[in-house]
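Asker: Mind looking over this structure? Questions follow.
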Amino acid sequence: MTKQNNYITSNKSSWCPGCSNFSIRAALIRAFSELNLKPHEISMVFDIGCAGNSCVLYNVYGFHGLHGRTVPLAVGAKLANNKLTVIGIAGDGGAYGEGLNHLVEAARSDYNITLIVSNNKLYSLTTGQASPTSERGTKTKSTPEGVNKTGLNPLLIALSAGAGFVARGYADEVEHLSGIFKKAINHKGFSLIDVLQPCITLDKKNTREWYQQRIYQLDDKWPVEDRNKAIIKVQEWGDKIPIGIFF
Ligand code: SF4
């Protein structure tokens with residue numbers, strides 16, 4: 001097992017103190033370590049956003065690209081050197097807004113990359129505008145009277161586009177999230193992990209407490225080979241929110 005310290009740099013983070021992006025990073029380096037991947041065997045690509053700012057925190061090959069372009073950069077890295085484990089990191093704005101068609105094409109094409117999305121339902125780096133996953137009625141800086149559109153369900157989109165590995169995690173359940181990451185990295189094809197990531201600075205609705213009252217883990221008997229059941233399950237949202245590997 002490679003020590004976790006080998007995957008991190010000494011660079012200072014730009015994240016707010018206590019940001020749940022720290023937990024996602026902890027889960028990912030734990031997965032790298034337990035899979036015994038060497039830093040030189042990993043390539044990570046990032047776009048613009050709070051999540052993308054973790055580019056400087058990982059001691060692996062890295063590329064910090066334009067907003068919404070995580071997926072094509074990841075595909076390019078994989079095509080250039082298919083021995084690399086390629087991980088894309090994006091936020092909900094980049095992955096499901098500007099980059100949505102890239103995600104659909106990568107899922108259809110089944111490129112062997114792992115896409116991890118920090119989904120806080122906001123454009124947080126630009127101080128809290130509505131994103132594609134903001135729910136209808138959500139009041140934000142850019143929607144003072146409430147979002148007047150339906151929030152996207154990215155897992156439903158990925159499943160209908162043919163993605164072979166579709167999961168949802170919760171940022172602060174590090175052990176559970178790390179287990180999902182390990183299986184996604186080992187999956188031979190496109191994998192999407194949508195990570196519920198409360199923005200503790202800007203979001204007064206989807207807070208840690210709000211999520212902790214609602215999330216529950218899929219049990220071991222969940223039929224991960226049944227796409228139709230996954231399509232129904234990923235739409236459960238409200239008093240109860242499932243996390244785990246749906247498909
Ligand atoms: Fe994290 Fe939100 Fe701060 Fe961005 S604005 S670093 S998502 S807490």
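Identifiers in this document derive from the order of the structure tokens: chains are assigned A, B, ..., residues are numbered from 1 separately in each chain, and ligands are numbered from 1 in order of occurrence.
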Could you tell me, counting only C-alpha atoms and all ligand atoms, which protein and nucleic acid residues lie no more than 6 Å from ligand 1, written as a list of chain:residue names?

Answerer: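 Counting only what the definition allows, namely only C-alpha atoms and all ligand atoms, the set is A:Trp15, A:Cys16, A:Cys19, A:Cys50, A:Ser124, A:Leu125, A:Cys199, A:Ile200, A:Thr201, A:Leu202.
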
Asker: Write out as a ChimeraX atom specification which residues come within 10 Å of Asn6 (chain A) when counting only C-alpha atoms, dropping same-chain ones fewer than 4 positions away.

Answerer: /A:2,29,32-33,38-39,58-60

Asker: Name the residues in contact with Ala106 (chain A) at a cut-off of 12 Å, using only C-alpha atoms, excluding same-chain residues fewer than 5 positions from it; report them as an MDAnalysis selection string.

Answerer: chainID A and resid 69:76 78 88 95 99:101 111:115 157:159 161:165 189:192

Asker: Among region 38-246 of chain A, which ones does DSSP assign to helix (DSSP H, G or I) (computed from the backbone)? Answer as number ranges by chain.

Answerer: A: 39-41, 51-57, 70-80, 92-98, 100-109, 154-160, 174-186, 208-212, 227-233

Asker: By how many Å are CA of Ala27 (chain A) and CA of Ile243 (chain A) apart?

Answerer: 15.0 Å

Asker: Could you tell me, as a list of chain:residue names, which residues of region 1-104 of chain A DSSP assigns to strand (DSSP E or B) when given the backbone?

Answerer: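 Residues meeting the strand (DSSP E or B) criterion: A:Ile8, A:Ile42, A:Ser43, A:Met44, A:Val45, A:Phe46, A:Tyr58, A:Tyr61, A:Gly62, A:Phe63, A:His64, A:Thr85, A:Val86, A:Ile87, A:Gly88, A:Ile89, A:Ala90, A:Gly91.
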
Asker: With only C-alpha atoms as the basis for distance, which of A:Gly93, A:Ala31, A:Leu152, A:Asp47 is at the shortest distance from Ala130 (chain A)?

Answerer: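 Ranking A:Gly93, A:Ala31, A:Leu152, A:Asp47 by distance to Ala130 (chain A), first place goes to A:Gly93.
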
Asker: How many Å lie between CA of Gly238 (chain A) and CA of Tyr216 (chain A), rounded to one decimal?

Answerer: 11.8 Å

Asker: With only C-alpha atoms as the counted atoms, please give the residues lying no more than 8 Å from Tyr170 (chain A), apart from itself and same-chain residues fewer than 2 positions off, as number ranges by chain.

Answerer: A: 168, 172-174, 177, 195-197, 243

Asker: Record the distance separating CA of Lys229 (chain A) and CA of Phe247 (chain A), expressed in Å with one decimal.

Answerer: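 So the two atoms, CA of Lys229 (chain A) and CA of Phe247 (chain A), lie 8.7 Å apart.
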
Asker: Which residue, A:Ala184, A:Leu103, A:Leu84, A:Ala90, has the smallest gap to Gly244 (chain A) when you use only C-alpha atoms?

Answerer: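 Of A:Ala184, A:Leu103, A:Leu84, A:Ala90, the one nearest Gly244 (chain A) is A:Ala184, counting only C-alpha atoms.
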
Asker: So which residues touch His64 (chain A) within 8 Å, counting only C-alpha atoms, skipping near sequence neighbours fewer than 4 positions away, as a list in words?

Answerer: Val45, Phe46, Asp47, Ile48, Gly52 and Cys55 of chain A

Asker: Rank nothing, just name the residue among A:Lys141, A:Lys182, A:Arg136, A:Arg208 nearest to Ile245 (chain A), using only C-alpha atoms.

Answerer: A:Lys182
